[in-house]
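Colleague: Supplied in structure tokens, the structure appears directly below.
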Amino acid sequence: MPLYEYLCQDCGTKFELLRGMAHADDPAPCAQCGSLRTGRLISLFAAVSDGRIVTGPAGCAGCSAHSCAACGCHR
Ligand SMILES: [Zn+2]
């Protein structure tokens with residue numbers, strides 16, 4: 001199951017959740033303050049290789065999926 005990273009827009013806390021792909025974009029309650037105003041950080045791999053946080057879908061070189069987070073090929 002993929003590990004997704006979320007950022008709380010209310011308190012700035014970053015937290016991670018293990019959840020199925022079908023639920024990746026569901027509202028994720030903040031681990032710190034419980035706010036539902038959180039955004040998913042798409043791919044830790046893309047963030048590291050780019051040197052910045054990528055908030056949109058990233059192309060995957062290894063497959064035809066929309067992102068490596070969807071196919072897991074970057075493991
Ligand atoms: Zn929060």
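Residue numbering restarts at 1 in every chain; chains get A, B, ... in the order shown in the structure tokens, and ligands count up from 1 in that same order.
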Which protein, DNA or RNA residues have an atom within 9 Å of ligand 1, counting only C-alpha atoms and all ligand atoms, as a PDB file with N, CA, C and O atoms, in the first residue's frame?
Modeller:
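Result file pocket.pdb:
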ATOM      1  N   LEU A   7       0.184  17.747   3.907  1.00  0.00           N
ATOM      2  CA  LEU A   7       0.593  18.965   4.593  1.00  0.00           C
ATOM      3  C   LEU A   7      -0.657  19.699   5.063  1.00  0.00           C
ATOM      4  O   LEU A   7      -1.564  19.976   4.268  1.00  0.00           O
ATOM      5  N   CYS A   8      -0.707  19.989   6.363  1.00  0.00           N
ATOM      6  CA  CYS A   8      -1.849  20.702   6.926  1.00  0.00           C
ATOM      7  C   CYS A   8      -1.724  22.186   6.619  1.00  0.00           C
ATOM      8  O   CYS A   8      -0.688  22.791   6.864  1.00  0.00           O
ATOM      9  N   GLN A   9      -2.791  22.766   6.078  1.00  0.00           N
ATOM     10  CA  GLN A   9      -2.748  24.179   5.716  1.00  0.00           C
ATOM     11  C   GLN A   9      -3.076  25.069   6.905  1.00  0.00           C
ATOM     12  O   GLN A   9      -2.940  26.283   6.841  1.00  0.00           O
ATOM     13  N   ASP A  10      -3.528  24.487   7.990  1.00  0.00           N
ATOM     14  CA  ASP A  10      -3.856  25.277   9.173  1.00  0.00           C
ATOM     15  C   ASP A  10      -2.673  25.409  10.127  1.00  0.00           C
ATOM     16  O   ASP A  10      -2.378  26.487  10.613  1.00  0.00           O
ATOM     17  N   CYS A  11      -1.978  24.301  10.384  1.00  0.00           N
ATOM     18  CA  CYS A  11      -0.878  24.364  11.357  1.00  0.00           C
ATOM     19  C   CYS A  11       0.474  24.034  10.732  1.00  0.00           C
ATOM     20  O   CYS A  11       1.498  24.141  11.387  1.00  0.00           O
ATOM     21  N   GLY A  12       0.487  23.629   9.457  1.00  0.00           N
ATOM     22  CA  GLY A  12       1.753  23.410   8.771  1.00  0.00           C
ATOM     23  C   GLY A  12       2.404  22.065   9.063  1.00  0.00           C
ATOM     24  O   GLY A  12       3.525  21.821   8.654  1.00  0.00           O
ATOM     25  N   THR A  13       1.696  21.205   9.768  1.00  0.00           N
ATOM     26  CA  THR A  13       2.261  19.895  10.094  1.00  0.00           C
ATOM     27  C   THR A  13       2.287  18.996   8.868  1.00  0.00           C
ATOM     28  O   THR A  13       1.326  18.942   8.107  1.00  0.00           O
ATOM     29  N   LYS A  14       3.407  18.308   8.667  1.00  0.00           N
ATOM     30  CA  LYS A  14       3.487  17.290   7.620  1.00  0.00           C
ATOM     31  C   LYS A  14       3.293  15.927   8.265  1.00  0.00           C
ATOM     32  O   LYS A  14       3.877  15.632   9.298  1.00  0.00           O
ATOM     33  N   PRO A  29      -7.441  13.902   7.821  1.00  0.00           N
ATOM     34  CA  PRO A  29      -7.396  14.748   9.004  1.00  0.00           C
ATOM     35  C   PRO A  29      -5.967  14.928   9.506  1.00  0.00           C
ATOM     36  O   PRO A  29      -5.207  13.969   9.557  1.00  0.00           O
ATOM     37  N   CYS A  30      -5.642  16.160   9.856  1.00  0.00           N
ATOM     38  CA  CYS A  30      -4.295  16.486  10.339  1.00  0.00           C
ATOM     39  C   CYS A  30      -3.989  15.701  11.612  1.00  0.00           C
ATOM     40  O   CYS A  30      -4.809  15.617  12.519  1.00  0.00           O
ATOM     41  N   ALA A  31      -2.776  15.139  11.676  1.00  0.00           N
ATOM     42  CA  ALA A  31      -2.370  14.364  12.845  1.00  0.00           C
ATOM     43  C   ALA A  31      -2.207  15.261  14.062  1.00  0.00           C
ATOM     44  O   ALA A  31      -2.261  14.806  15.193  1.00  0.00           O
ATOM     45  N   GLN A  32      -2.005  16.563  13.832  1.00  0.00           N
ATOM     46  CA  GLN A  32      -1.711  17.487  14.924  1.00  0.00           C
ATOM     47  C   GLN A  32      -2.962  18.195  15.432  1.00  0.00           C
ATOM     48  O   GLN A  32      -3.243  18.211  16.616  1.00  0.00           O
ATOM     49  N   CYS A  33      -3.751  18.779  14.499  1.00  0.00           N
ATOM     50  CA  CYS A  33      -4.873  19.620  14.921  1.00  0.00           C
ATOM     51  C   CYS A  33      -6.219  19.089  14.436  1.00  0.00           C
ATOM     52  O   CYS A  33      -7.256  19.608  14.810  1.00  0.00           O
ATOM     53  N   GLY A  34      -6.215  18.045  13.614  1.00  0.00           N
ATOM     54  CA  GLY A  34      -7.471  17.443  13.186  1.00  0.00           C
ATOM     55  C   GLY A  34      -8.146  18.169  12.043  1.00  0.00           C
ATOM     56  O   GLY A  34      -9.214  17.767  11.600  1.00  0.00           O
ATOM     57  N   SER A  35      -7.528  19.230  11.522  1.00  0.00           N
ATOM     58  CA  SER A  35      -8.108  19.970  10.411  1.00  0.00           C
ATOM     59  C   SER A  35      -8.196  19.110   9.161  1.00  0.00           C
ATOM     60  O   SER A  35      -7.345  18.245   8.918  1.00  0.00           O
ATOM     61  N   LEU A  36      -9.237  19.346   8.375  1.00  0.00           N
ATOM     62  CA  LEU A  36      -9.365  18.627   7.105  1.00  0.00           C
ATOM     63  C   LEU A  36      -8.835  19.453   5.948  1.00  0.00           C
ATOM     64  O   LEU A  36      -8.902  19.037   4.791  1.00  0.00           O
ATOM     65  N   ARG A  37      -8.302  20.642   6.236  1.00  0.00           N
ATOM     66  CA  ARG A  37      -7.721  21.468   5.175  1.00  0.00           C
ATOM     67  C   ARG A  37      -6.276  21.034   4.963  1.00  0.00           C
ATOM     68  O   ARG A  37      -5.327  21.748   5.273  1.00  0.00           O
ATOM     69  N   THR A  38      -6.123  19.836   4.412  1.00  0.00           N
ATOM     70  CA  THR A  38      -4.795  19.296   4.179  1.00  0.00           C
ATOM     71  C   THR A  38      -4.625  19.001   2.697  1.00  0.00           C
ATOM     72  O   THR A  38      -5.590  18.717   1.996  1.00  0.00           O
TER      73      THR A  38
END
